[in-house]
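Heads up, upload.pdb below (PDB, C-alpha atoms):
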```
MODEL        1
ATOM      1  CA  MET A   1    -101.393 122.626   2.879
ATOM      2  CA  SER A   2    -101.451 119.134   1.529
ATOM      3  CA  ASP A   3    -103.759 120.052  -1.315
ATOM      4  CA  HIS A   4    -101.375 118.661  -3.874
ATOM      5  CA  HIS A   5    -102.025 115.216  -2.407
ATOM      6  CA  HIS A   6    -105.527 115.345  -3.743
ATOM      7  CA  GLN A   7    -105.020 117.175  -6.998
ATOM      8  CA  GLU A   8    -106.887 116.005 -10.069
ATOM      9  CA  ALA A   9    -105.137 113.155 -11.828
ATOM     10  CA  HIS A  10    -103.653 114.042 -15.160
ATOM     11  CA  VAL A  11    -105.046 111.956 -17.993
ATOM     12  CA  ILE A  12    -102.650 111.376 -20.868
ATOM     13  CA  GLU A  13    -104.438 110.608 -24.128
ATOM     14  CA  TYR A  14    -103.731 107.421 -26.099
ATOM     15  CA  GLY A  15    -102.536 109.432 -29.080
ATOM     16  CA  LYS A  16     -99.784 111.018 -27.040
ATOM     17  CA  TYR A  17     -98.545 107.587 -25.943
ATOM     18  CA  ILE A  18     -98.488 106.403 -29.548
ATOM     19  CA  PHE A  19     -96.469 109.481 -30.485
ATOM     20  CA  ILE A  20     -93.940 108.791 -27.693
ATOM     21  CA  TRP A  21     -93.783 105.124 -28.722
ATOM     22  CA  LEU A  22     -93.031 106.099 -32.334
ATOM     23  CA  ALA A  23     -90.286 108.443 -31.108
ATOM     24  CA  LEU A  24     -88.794 105.607 -29.025
ATOM     25  CA  LEU A  25     -88.847 103.268 -32.049
ATOM     26  CA  ALA A  26     -87.204 105.962 -34.175
ATOM     27  CA  PHE A  27     -84.417 106.397 -31.602
ATOM     28  CA  THR A  28     -83.954 102.620 -31.524
ATOM     29  CA  GLY A  29     -83.492 102.710 -35.293
ATOM     30  CA  ILE A  30     -80.986 105.538 -34.956
ATOM     31  CA  THR A  31     -78.951 103.721 -32.294
ATOM     32  CA  VAL A  32     -78.755 100.543 -34.405
ATOM     33  CA  THR A  33     -77.731 102.540 -37.493
ATOM     34  CA  ALA A  34     -75.187 104.617 -35.564
ATOM     35  CA  ALA A  35     -73.593 101.462 -34.146
ATOM     36  CA  GLY A  36     -73.296 100.057 -37.671
ATOM     37  CA  ILE A  37     -71.438 103.103 -39.003
ATOM     38  CA  GLY A  38     -68.439 102.534 -36.776
ATOM     39  CA  LEU A  39     -67.749 105.809 -35.019
ATOM     40  CA  GLY A  40     -64.729 104.452 -33.178
ATOM     41  CA  ASN A  41     -64.423 105.768 -29.654
ATOM     42  CA  TRP A  42     -67.577 107.826 -30.111
ATOM     43  CA  THR A  43     -69.741 104.717 -30.496
ATOM     44  CA  VAL A  44     -70.308 104.365 -26.747
ATOM     45  CA  VAL A  45     -70.901 108.082 -26.248
ATOM     46  CA  VAL A  46     -73.477 108.182 -29.036
ATOM     47  CA  ALA A  47     -75.157 104.974 -27.790
ATOM     48  CA  LEU A  48     -75.401 106.348 -24.239
ATOM     49  CA  LEU A  49     -76.694 109.728 -25.434
ATOM     50  CA  ILE A  50     -79.457 108.043 -27.432
ATOM     51  CA  ALA A  51     -80.284 105.694 -24.528
ATOM     52  CA  SER A  52     -80.497 108.710 -22.195
ATOM     53  CA  THR A  53     -82.823 110.502 -24.619
ATOM     54  CA  LYS A  54     -85.063 107.418 -24.760
ATOM     55  CA  SER A  55     -85.024 107.268 -20.948
ATOM     56  CA  TRP A  56     -86.083 110.905 -20.793
ATOM     57  CA  PHE A  57     -89.198 110.102 -22.834
ATOM     58  CA  VAL A  58     -90.007 106.998 -20.765
ATOM     59  CA  LEU A  59     -89.509 108.822 -17.440
ATOM     60  CA  ASN A  60     -91.473 111.945 -18.363
ATOM     61  CA  TYR A  61     -94.391 110.473 -20.275
ATOM     62  CA  PHE A  62     -94.763 106.738 -19.584
ATOM     63  CA  MET A  63     -93.845 107.220 -15.919
ATOM     64  CA  HIS A  64     -95.750 110.542 -15.691
ATOM     65  CA  LEU A  65     -92.817 112.333 -14.100
ATOM     66  CA  LYS A  66     -93.670 115.457 -16.078
ATOM     67  CA  TYR A  67     -96.973 115.684 -14.194
ATOM     68  CA  GLU A  68     -95.645 114.773 -10.749
ATOM     69  CA  ASP A  69     -94.681 117.090  -7.913
ATOM     70  CA  ARG A  70     -91.302 118.778  -7.774
ATOM     71  CA  VAL A  71     -90.223 116.457  -4.962
ATOM     72  CA  PHE A  72     -90.241 113.479  -7.344
ATOM     73  CA  LYS A  73     -87.965 115.309  -9.767
ATOM     74  CA  LEU A  74     -85.665 116.294  -6.924
ATOM     75  CA  PHE A  75     -85.473 112.631  -5.855
ATOM     76  CA  ILE A  76     -84.537 111.553  -9.347
ATOM     77  CA  ALA A  77     -81.911 114.263  -9.584
ATOM     78  CA  VAL A  78     -80.354 113.140  -6.281
ATOM     79  CA  ALA A  79     -80.404 109.482  -7.373
ATOM     80  CA  PHE A  80     -78.742 110.225 -10.719
ATOM     81  CA  ILE A  81     -76.175 112.603  -9.255
ATOM     82  CA  THR A  82     -75.240 109.944  -6.679
ATOM     83  CA  PHE A  83     -74.832 107.428  -9.477
ATOM     84  CA  ALA A  84     -72.768 109.901 -11.505
ATOM     85  CA  ILE A  85     -70.475 110.388  -8.486
ATOM     86  CA  PHE A  86     -69.997 106.605  -8.214
ATOM     87  CA  ILE A  87     -69.003 106.399 -11.870
ATOM     88  CA  THR A  88     -66.730 109.439 -11.747
ATOM     89  CA  PHE A  89     -64.824 108.229  -8.704
ATOM     90  CA  THR A  90     -64.495 104.707 -10.045
ATOM     91  CA  PHE A  91     -62.938 105.928 -13.276
ATOM     92  CA  TRP A  92     -60.863 108.511 -11.479
ATOM     93  CA  ASP A  93     -59.452 105.718  -9.355
ATOM     94  CA  TYR A  94     -58.818 103.548 -12.408
ATOM     95  CA  SER A  95     -57.009 106.186 -14.393
ATOM     96  CA  PHE A  96     -54.606 106.946 -11.507
ATOM     97  CA  THR A  97     -53.891 103.498 -10.141
ATOM     98  CA  ARG A  98     -52.940 101.879 -13.414
TER      99      ARG A  98
ATOM    100  CA  MET B   1    -105.318 120.342  15.855
ATOM    101  CA  SER B   2    -104.714 117.514  18.277
ATOM    102  CA  SER B   3    -107.319 118.824  20.685
ATOM    103  CA  SER B   4    -110.148 118.521  18.179
ATOM    104  CA  ALA B   5    -113.098 116.629  19.570
ATOM    105  CA  PRO B   6    -113.238 112.957  18.679
ATOM    106  CA  THR B   7    -115.825 112.384  16.011
ATOM    107  CA  ALA B   8    -117.392 109.195  14.772
ATOM    108  CA  VAL B   9    -116.357 109.928  11.199
ATOM    109  CA  HIS B  10    -114.740 106.833   9.801
ATOM    110  CA  HIS B  11    -111.731 107.930   7.869
ATOM    111  CA  VAL B  12    -110.302 105.475   5.386
ATOM    112  CA  HIS B  13    -106.642 106.223   5.099
ATOM    113  CA  ARG B  14    -105.594 106.710   1.553
ATOM    114  CA  ASP B  15    -102.526 108.425   0.189
ATOM    115  CA  ASP B  16    -101.915 107.812  -3.505
ATOM    116  CA  TYR B  17     -99.212 110.449  -3.547
ATOM    117  CA  GLY B  18     -97.267 108.692  -0.780
ATOM    118  CA  SER B  19     -97.886 105.353  -2.425
ATOM    119  CA  ARG B  20     -96.342 106.456  -5.708
ATOM    120  CA  MET B  21     -93.484 108.111  -3.852
ATOM    121  CA  GLY B  22     -92.783 104.840  -2.046
ATOM    122  CA  MET B  23     -92.658 103.066  -5.388
ATOM    123  CA  TRP B  24     -90.221 105.630  -6.772
ATOM    124  CA  LEU B  25     -87.977 105.221  -3.713
ATOM    125  CA  PHE B  26     -87.971 101.486  -4.297
ATOM    126  CA  LEU B  27     -87.065 102.051  -7.951
ATOM    127  CA  PHE B  28     -83.987 103.999  -6.795
ATOM    128  CA  THR B  29     -82.752 100.909  -4.981
ATOM    129  CA  GLU B  30     -83.099  99.110  -8.305
ATOM    130  CA  LEU B  31     -81.034 101.851  -9.911
ATOM    131  CA  VAL B  32     -78.286 101.174  -7.379
ATOM    132  CA  LEU B  33     -78.536  97.413  -7.960
ATOM    133  CA  PHE B  34     -78.214  97.649 -11.748
ATOM    134  CA  GLY B  35     -76.048 100.759 -11.539
ATOM    135  CA  GLY B  36     -73.389  98.803  -9.656
ATOM    136  CA  LEU B  37     -73.384  96.200 -12.416
ATOM    137  CA  PHE B  38     -73.172  98.886 -15.090
ATOM    138  CA  ILE B  39     -70.111 100.306 -13.341
ATOM    139  CA  VAL B  40     -68.482  96.864 -13.266
ATOM    140  CA  TYR B  41     -69.317  96.543 -16.967
ATOM    141  CA  SER B  42     -67.779  99.904 -17.865
ATOM    142  CA  VAL B  43     -64.589  99.268 -15.916
ATOM    143  CA  TYR B  44     -64.009  95.855 -17.543
ATOM    144  CA  ARG B  45     -64.914  97.210 -20.915
ATOM    145  CA  PHE B  46     -62.378  99.975 -20.363
ATOM    146  CA  THR B  47     -59.651  97.472 -19.426
ATOM    147  CA  HIS B  48     -60.537  94.788 -22.051
ATOM    148  CA  GLN B  49     -61.812  96.791 -25.028
ATOM    149  CA  GLN B  50     -60.718  94.488 -27.819
ATOM    150  CA  GLU B  51     -62.016  91.329 -26.181
ATOM    151  CA  PHE B  52     -65.385  92.925 -25.396
ATOM    152  CA  HIS B  53     -65.690  93.813 -29.099
ATOM    153  CA  ILE B  54     -64.962  90.261 -30.206
ATOM    154  CA  ALA B  55     -67.289  88.711 -27.625
ATOM    155  CA  ALA B  56     -70.154  91.085 -28.489
ATOM    156  CA  GLN B  57     -70.083  89.875 -32.091
ATOM    157  CA  GLU B  58     -71.374  86.513 -30.898
ATOM    158  CA  LEU B  59     -74.650  88.054 -29.731
ATOM    159  CA  ASN B  60     -77.647  88.045 -32.023
ATOM    160  CA  THR B  61     -78.455  91.718 -32.681
ATOM    161  CA  THR B  62     -81.757  90.850 -34.366
ATOM    162  CA  ILE B  63     -83.137  89.078 -31.281
ATOM    163  CA  GLY B  64     -81.913  91.984 -29.154
ATOM    164  CA  LEU B  65     -83.647  94.462 -31.464
ATOM    165  CA  ILE B  66     -86.909  92.467 -31.491
ATOM    166  CA  ASN B  67     -86.875  92.332 -27.687
ATOM    167  CA  THR B  68     -86.235  96.081 -27.554
ATOM    168  CA  ILE B  69     -89.299  96.735 -29.725
ATOM    169  CA  ILE B  70     -91.355  94.272 -27.634
ATOM    170  CA  LEU B  71     -90.456  96.013 -24.364
ATOM    171  CA  LEU B  72     -91.019  99.534 -25.714
ATOM    172  CA  THR B  73     -94.433  98.506 -27.005
ATOM    173  CA  SER B  74     -95.334  96.753 -23.744
ATOM    174  CA  SER B  75     -94.388  99.919 -21.852
ATOM    175  CA  MET B  76     -96.835 101.840 -24.010
ATOM    176  CA  THR B  77     -99.686  99.368 -23.399
ATOM    177  CA  ALA B  78     -98.962  99.452 -19.641
ATOM    178  CA  ALA B  79     -99.137 103.261 -19.644
ATOM    179  CA  MET B  80    -102.315 103.202 -21.744
ATOM    180  CA  SER B  81    -104.036 100.881 -19.270
ATOM    181  CA  ILE B  82    -103.926 103.722 -16.726
ATOM    182  CA  THR B  83    -105.594 106.093 -19.192
ATOM    183  CA  ALA B  84    -108.283 103.472 -19.845
ATOM    184  CA  MET B  85    -108.838 103.064 -16.095
ATOM    185  CA  GLN B  86    -109.047 106.839 -15.577
ATOM    186  CA  LYS B  87    -111.699 106.999 -18.278
ATOM    187  CA  GLY B  88    -113.650 104.256 -16.545
ATOM    188  CA  ASN B  89    -113.078 101.765 -19.338
ATOM    189  CA  VAL B  90    -112.206  98.863 -17.032
ATOM    190  CA  ARG B  91    -112.479  96.120 -19.663
ATOM    191  CA  PHE B  92    -110.078  97.925 -21.988
ATOM    192  CA  ALA B  93    -107.701  98.574 -19.087
ATOM    193  CA  LYS B  94    -107.667  94.865 -18.253
ATOM    194  CA  GLY B  95    -107.165  94.004 -21.909
ATOM    195  CA  LEU B  96    -104.159  96.321 -22.097
ATOM    196  CA  VAL B  97    -102.632  94.755 -18.986
ATOM    197  CA  TRP B  98    -103.085  91.321 -20.588
ATOM    198  CA  VAL B  99    -101.425  92.563 -23.777
ATOM    199  CA  THR B 100     -98.505  93.803 -21.649
ATOM    200  CA  ILE B 101     -98.216  90.353 -20.045
ATOM    201  CA  MET B 102     -98.268  88.715 -23.495
ATOM    202  CA  PHE B 103     -95.409  90.965 -24.607
ATOM    203  CA  ALA B 104     -93.484  89.986 -21.473
ATOM    204  CA  PHE B 105     -94.061  86.350 -22.372
ATOM    205  CA  ALA B 106     -92.823  86.937 -25.936
ATOM    206  CA  PHE B 107     -89.724  88.623 -24.510
ATOM    207  CA  MET B 108     -89.004  85.597 -22.334
ATOM    208  CA  VAL B 109     -89.494  83.174 -25.252
ATOM    209  CA  ASN B 110     -86.916  85.130 -27.262
ATOM    210  CA  LYS B 111     -84.597  85.153 -24.282
ATOM    211  CA  TYR B 112     -85.017  81.394 -23.958
ATOM    212  CA  PHE B 113     -84.012  80.795 -27.583
ATOM    213  CA  GLU B 114     -81.142  83.249 -27.297
ATOM    214  CA  TRP B 115     -79.689  81.668 -24.155
ATOM    215  CA  SER B 116     -80.296  78.122 -25.486
ATOM    216  CA  ALA B 117     -78.296  78.918 -28.623
ATOM    217  CA  LYS B 118     -75.415  80.276 -26.509
ATOM    218  CA  ILE B 119     -75.461  77.284 -24.164
ATOM    219  CA  HIS B 120     -75.667  74.949 -27.178
ATOM    220  CA  HIS B 121     -72.463  76.520 -28.482
ATOM    221  CA  GLY B 122     -70.854  75.826 -25.127
ATOM    222  CA  ILE B 123     -70.902  79.442 -23.942
ATOM    223  CA  TYR B 124     -72.180  79.556 -20.386
ATOM    224  CA  PRO B 125     -70.563  80.450 -17.051
ATOM    225  CA  GLY B 126     -67.913  77.916 -16.130
ATOM    226  CA  SER B 127     -68.007  76.004 -19.444
ATOM    227  CA  LYS B 128     -64.757  74.584 -20.829
ATOM    228  CA  GLU B 129     -65.252  76.418 -24.088
ATOM    229  CA  LEU B 130     -65.672  79.767 -22.341
ATOM    230  CA  LEU B 131     -62.819  79.255 -19.877
ATOM    231  CA  ASN B 132     -60.449  78.675 -22.813
ATOM    232  CA  LYS B 133     -61.216  82.132 -24.135
ATOM    233  CA  PRO B 134     -59.245  85.262 -23.158
ATOM    234  CA  GLU B 135     -60.077  86.893 -19.811
ATOM    235  CA  GLY B 136     -62.010  89.796 -21.348
ATOM    236  CA  GLU B 137     -64.422  87.474 -23.166
ATOM    237  CA  ILE B 138     -65.030  85.456 -19.987
ATOM    238  CA  LEU B 139     -65.837  88.698 -18.163
ATOM    239  CA  TYR B 140     -68.107  89.858 -20.983
ATOM    240  CA  PHE B 141     -70.181  86.680 -20.981
ATOM    241  CA  GLY B 142     -70.242  86.556 -17.186
ATOM    242  CA  LEU B 143     -71.703  90.064 -17.139
ATOM    243  CA  TYR B 144     -74.017  89.214 -20.027
ATOM    244  CA  TYR B 145     -75.551  86.295 -18.134
ATOM    245  CA  VAL B 146     -75.765  88.111 -14.789
ATOM    246  CA  MET B 147     -77.199  91.371 -16.152
ATOM    247  CA  THR B 148     -79.655  89.980 -18.707
ATOM    248  CA  GLY B 149     -80.543  87.216 -16.204
ATOM    249  CA  LEU B 150     -81.293  89.693 -13.431
ATOM    250  CA  HIS B 151     -83.260  91.743 -15.929
ATOM    251  CA  ALA B 152     -85.257  88.660 -17.022
ATOM    252  CA  LEU B 153     -86.017  87.992 -13.355
ATOM    253  CA  HIS B 154     -87.479  91.489 -13.186
ATOM    254  CA  VAL B 155     -89.622  90.719 -16.239
ATOM    255  CA  ILE B 156     -91.059  87.700 -14.385
ATOM    256  CA  VAL B 157     -91.674  89.765 -11.235
ATOM    257  CA  GLY B 158     -93.383  92.407 -13.383
ATOM    258  CA  VAL B 159     -95.749  89.777 -14.786
ATOM    259  CA  VAL B 160     -96.606  88.542 -11.275
ATOM    260  CA  PHE B 161     -97.191  92.157 -10.205
ATOM    261  CA  PHE B 162     -99.606  92.662 -13.119
ATOM    262  CA  LEU B 163    -101.429  89.389 -12.380
ATOM    263  CA  PHE B 164    -102.080  90.644  -8.838
ATOM    264  CA  ILE B 165    -103.427  93.910 -10.247
ATOM    265  CA  LEU B 166    -105.761  92.026 -12.587
ATOM    266  CA  ARG B 167    -107.086  90.136  -9.576
ATOM    267  CA  HIS B 168    -107.540  93.381  -7.669
ATOM    268  CA  ILE B 169    -109.440  94.857 -10.626
ATOM    269  CA  GLY B 170    -111.652  91.764 -10.619
ATOM    270  CA  GLN B 171    -112.255  92.172  -6.880
ATOM    271  CA  GLY B 172    -113.098  95.830  -7.329
ATOM    272  CA  LYS B 173    -110.117  97.016  -5.281
ATOM    273  CA  VAL B 174    -108.732  98.810  -8.306
ATOM    274  CA  HIS B 175    -111.209 100.958 -10.218
ATOM    275  CA  GLN B 176    -111.740 104.308 -11.939
ATOM    276  CA  THR B 177    -111.085 106.447  -8.859
ATOM    277  CA  GLN B 178    -108.637 104.121  -7.101
ATOM    278  CA  TYR B 179    -105.927 102.865  -9.415
ATOM    279  CA  VAL B 180    -102.628 103.693  -7.692
ATOM    280  CA  ARG B 181    -101.691  99.989  -7.582
ATOM    281  CA  LEU B 182    -102.000  99.820 -11.340
ATOM    282  CA  GLU B 183     -99.838 102.947 -11.569
ATOM    283  CA  ASN B 184     -97.181 101.375  -9.351
ATOM    284  CA  ALA B 185     -97.161  98.128 -11.329
ATOM    285  CA  ALA B 186     -96.734 100.176 -14.488
ATOM    286  CA  LEU B 187     -93.895 102.187 -12.885
ATOM    287  CA  TYR B 188     -92.107  98.920 -12.107
ATOM    288  CA  TRP B 189     -92.646  97.748 -15.669
ATOM    289  CA  HIS B 190     -91.236 100.976 -17.099
ATOM    290  CA  LEU B 191     -88.115 100.473 -14.989
ATOM    291  CA  VAL B 192     -87.664  97.057 -16.607
ATOM    292  CA  ASP B 193     -87.943  98.846 -19.956
ATOM    293  CA  LEU B 194     -85.469 101.566 -18.893
ATOM    294  CA  ILE B 195     -82.827  99.026 -17.895
ATOM    295  CA  TRP B 196     -83.184  97.244 -21.225
ATOM    296  CA  ILE B 197     -82.785 100.579 -23.048
ATOM    297  CA  PHE B 198     -79.206 100.592 -21.697
ATOM    298  CA  LEU B 199     -78.511  96.843 -21.818
ATOM    299  CA  PHE B 200     -79.341  96.613 -25.518
ATOM    300  CA  PRO B 201     -76.739  99.031 -26.925
ATOM    301  CA  LEU B 202     -74.079  98.101 -24.374
ATOM    302  CA  PHE B 203     -74.202  94.359 -25.017
ATOM    303  CA  TYR B 204     -75.582  93.952 -28.531
ATOM    304  CA  LEU B 205     -74.370  96.990 -30.443
ATOM    305  CA  ILE B 206     -70.728  97.437 -29.529
ATOM    306  CA  HIS B 207     -69.085  95.829 -32.527
TER     307      HIS B 207
ENDMDL
END
```
Would you kindly transcribe this structure into structure tokens?
Amino acid sequence: MSDHHHQEAHVIEYGKYIFIWLALLAFTGITVTAAGIGLGNWTVVVALLIASTKSWFVLNYFMHLKYEDRVFKLFIAVAFITFAIFITFTFWDYSFTR
Amino acid sequence: MSSSAPTAVHHVHRDDYGSRMGMWLFLFTELVLFGGLFIVYSVYRFTHQQEFHIAAQELNTTIGLINTIILLTSSMTAAMSITAMQKGNVRFAKGLVWVTIMFAFAFMVNKYFEWSAKIHHGIYPGSKELLNKPEGEILYFGLYYVMTGLHALHVIVGVVFFLFILRHIGQGKVHQTQYVRLENAALYWHLVDLIWIFLFPLFYLIH
């Protein structure tokens, strides 16, 4: 029943890490370039989208989330949804009380 | 199950799965800690857009970019140390942890020069120079010092965490088939990296 507690550890090869690292550096380059272009109100949106993409790589590969149990992913989803609710309500409040 | 006869088998309790899960749960509390600050940041940025833009121009993007590259690379070496440990290459694993610590040190040196330059120009919480600026700029620099300061504190804690792991490797408590502590230290380090991934564009790249 608790077999998954003793499952074989997943070994990620060095090459894969280097590939992820290069991707992260590339996205860093993109975010710096995008900020320099001056996209007006879209600057923040683009910056956050790129930061989220980078986070996805870090979470899944560096933090091995991709190879973890479903429960871990569920936890993360709950944590992020909670955070999203905080943000939504804060801004909701701000746009109606001003 | 509970009625099974008592046996003399000595069972060493070990639950790597639960250990990692505990670490993840702790990381969520960190998300709430920094998340709260990010919400404060976004609200003030929303209400003081122009002043945040002007204040952000005073930050050194190059130092921010160098520190971003340093942290991303250190995250990779931390992750690689686990692979090395899994392959039984203990010396290489230790070396990679040391490299990670060196990167952390380099990050802090940059941070030191960055903050020194700001303080030298009279920009620090409560300074006359800063208090004469418009409200939005005061808020920006207040958040800048609190958020990057709290982040830097996490960098220091991460280094201490890794130093403990190195000791445990030396004592044989962490080895090829028992390395969950190394995994948890690395998880903590990746969180430090994740937070910086958001701090960098929000503070350094908004002009």
TODO: Select residues of chain A: the criterion is any atom within 7 Å of an atom of chain B, counting only C-alpha atoms; output as a list in words.
DONE: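 The complete set of qualifying residues is His5, Val11, Ile12, Glu13, Tyr14, Tyr17, Trp21, Leu25, Val32, Ala35, Ala47, Ala51, Ser55, Phe62, Met63, Ala79 and Ile87 of chain A.
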Open item on the list: Rounded to one decimal, what separation in Å do you get between atom CA of Ile85 of chain A and atom CA of Gly149 of chain B?
Closed with: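 Computed distance, atom CA of Ile85 of chain A to atom CA of Gly149 of chain B, equals 26.4 Å.
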Task: Result set, the PyMOL selection byres ((chain B and resi 95-103) around 7) on current file, as a ChimeraX atom specification - done: /B:70,74,77-78,81,91-94,104-107,159,162
Is it possible to get the axis-aligned box enclosing segment 24-37 of chain A (all listed atoms, 5 Å extra per side) as JSON, with centre and edge lengths in Å rounded to one decimal?
```
{"center_x": -80.1, "center_y": 103.2, "center_z": -34.0, "size_x": 27.4, "size_y": 16.3, "size_z": 20.0}
```
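The nearest approach to Gln50 of chain B among the residues B:Glu137, B:Ala152, B:Ser19, B:Leu131, with only C-alpha atoms taken into account, belongs to B:Glu137.
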- [ ] Measure the distance from atom CA of Gly122 of chain B to atom CA of Phe52 of chain B in Å and round it to one decimal.
- [x] 18.0 Å
- [ ] State, in Å with one decimal place, the distance from atom CA of Lys111 of chain B to atom CA of Asn67 of chain B.
- [x]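 One can read the atom CA of Lys111 of chain B to atom CA of Asn67 of chain B distance as 8.3 Å.
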- [ ] Would you mind telling me which residue in B:Gln178, B:Asn132, B:Thr148, B:Gln171 lies nearest to Glu114 of chain B when using all atoms listed in the file?
- [x]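 Counting all atoms listed in the file, the residue closest to Glu114 of chain B is B:Thr148.
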Open item on the list: Calculated over only C-alpha atoms, which of the candidates A:Tyr67, A:Phe72, A:Phe80, A:Phe86 has the smallest distance to His10 of chain A?
Closed with: A:Tyr67
Open item on the list: With distances taken over only C-alpha atoms, which residue among B:Gly170, B:Gly88, B:Gly136, B:Gly142 lies nearest His53 of chain B?
Closed with: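 Checking each candidate against His53 of chain B, we get B:Gly136 as the closest.
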Task: Using all atoms listed in the file: which of A:Phe83, A:Ala77, A:Phe91, A:Leu24 has the shortest distance to Glu30 of chain B - done: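 Closest to Glu30 of chain B, using all atoms listed in the file: A:Phe83.
Distance annotation: of B:Thr62, B:Ala185, B:Trp115, B:Val146, the residue with the minimal separation from Phe164 of chain B is B:Ala185; atom set is only C-alpha atoms.
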Dump segment 39-45 of chain A with all heavy atoms to a file, as a PDB file, in the first residue's frame.
```pdb
ATOM      1  N   LEU A  39       7.348  47.889 -23.374  1.00  0.00           N
ATOM      2  CA  LEU A  39       6.057  47.391 -23.839  1.00  0.00           C
ATOM      3  C   LEU A  39       4.888  48.059 -23.120  1.00  0.00           C
ATOM      4  O   LEU A  39       3.768  47.579 -23.166  1.00  0.00           O
ATOM      5  CB  LEU A  39       5.991  45.868 -23.638  1.00  0.00           C
ATOM      6  CG  LEU A  39       7.041  45.046 -24.381  1.00  0.00           C
ATOM      7  CD1 LEU A  39       7.134  43.646 -23.808  1.00  0.00           C
ATOM      8  CD2 LEU A  39       6.704  44.970 -25.870  1.00  0.00           C
ATOM      9  N   GLY A  40       5.199  49.142 -22.422  1.00  0.00           N
ATOM     10  CA  GLY A  40       4.143  49.866 -21.702  1.00  0.00           C
ATOM     11  C   GLY A  40       3.550  49.044 -20.590  1.00  0.00           C
ATOM     12  O   GLY A  40       4.268  48.438 -19.797  1.00  0.00           O
ATOM     13  N   ASN A  41       2.228  48.963 -20.579  1.00  0.00           N
ATOM     14  CA  ASN A  41       1.539  48.232 -19.512  1.00  0.00           C
ATOM     15  C   ASN A  41       1.779  46.730 -19.565  1.00  0.00           C
ATOM     16  O   ASN A  41       1.519  46.022 -18.601  1.00  0.00           O
ATOM     17  CB  ASN A  41       0.032  48.501 -19.582  1.00  0.00           C
ATOM     18  CG  ASN A  41      -0.293  49.921 -19.152  1.00  0.00           C
ATOM     19  OD1 ASN A  41       0.431  50.509 -18.345  1.00  0.00           O
ATOM     20  ND2 ASN A  41      -1.358  50.472 -19.715  1.00  0.00           N
ATOM     21  N   TRP A  42       2.255  46.260 -20.724  1.00  0.00           N
ATOM     22  CA  TRP A  42       2.478  44.820 -20.879  1.00  0.00           C
ATOM     23  C   TRP A  42       3.806  44.378 -20.268  1.00  0.00           C
ATOM     24  O   TRP A  42       4.047  43.188 -20.136  1.00  0.00           O
ATOM     25  CB  TRP A  42       2.412  44.430 -22.356  1.00  0.00           C
ATOM     26  CG  TRP A  42       1.016  44.489 -22.864  1.00  0.00           C
ATOM     27  CD1 TRP A  42       0.418  45.516 -23.526  1.00  0.00           C
ATOM     28  CD2 TRP A  42       0.008  43.479 -22.711  1.00  0.00           C
ATOM     29  NE1 TRP A  42      -0.888  45.211 -23.796  1.00  0.00           N
ATOM     30  CE2 TRP A  42      -1.168  43.964 -23.316  1.00  0.00           C
ATOM     31  CE3 TRP A  42      -0.001  42.199 -22.123  1.00  0.00           C
ATOM     32  CZ2 TRP A  42      -2.352  43.227 -23.348  1.00  0.00           C
ATOM     33  CZ3 TRP A  42      -1.181  41.466 -22.154  1.00  0.00           C
ATOM     34  CH2 TRP A  42      -2.333  41.980 -22.766  1.00  0.00           C
ATOM     35  N   THR A  43       4.656  45.351 -19.918  1.00  0.00           N
ATOM     36  CA  THR A  43       5.973  45.003 -19.378  1.00  0.00           C
ATOM     37  C   THR A  43       5.869  44.044 -18.200  1.00  0.00           C
ATOM     38  O   THR A  43       6.553  43.021 -18.166  1.00  0.00           O
ATOM     39  CB  THR A  43       6.723  46.277 -18.939  1.00  0.00           C
ATOM     40  OG1 THR A  43       6.606  47.242 -19.985  1.00  0.00           O
ATOM     41  CG2 THR A  43       8.190  45.989 -18.679  1.00  0.00           C
ATOM     42  N   VAL A  44       4.997  44.389 -17.230  1.00  0.00           N
ATOM     43  CA  VAL A  44       4.865  43.550 -16.037  1.00  0.00           C
ATOM     44  C   VAL A  44       4.332  42.175 -16.398  1.00  0.00           C
ATOM     45  O   VAL A  44       4.824  41.153 -15.907  1.00  0.00           O
ATOM     46  CB  VAL A  44       3.899  44.201 -15.012  1.00  0.00           C
ATOM     47  CG1 VAL A  44       4.018  43.493 -13.672  1.00  0.00           C
ATOM     48  CG2 VAL A  44       4.190  45.664 -14.863  1.00  0.00           C
ATOM     49  N   VAL A  45       3.312  42.163 -17.268  1.00  0.00           N
ATOM     50  CA  VAL A  45       2.702  40.877 -17.648  1.00  0.00           C
ATOM     51  C   VAL A  45       3.745  39.975 -18.281  1.00  0.00           C
ATOM     52  O   VAL A  45       3.879  38.796 -17.910  1.00  0.00           O
ATOM     53  CB  VAL A  45       1.522  41.119 -18.624  1.00  0.00           C
ATOM     54  CG1 VAL A  45       0.886  39.801 -19.022  1.00  0.00           C
ATOM     55  CG2 VAL A  45       0.497  42.046 -17.986  1.00  0.00           C
TER      56      VAL A  45
END
```
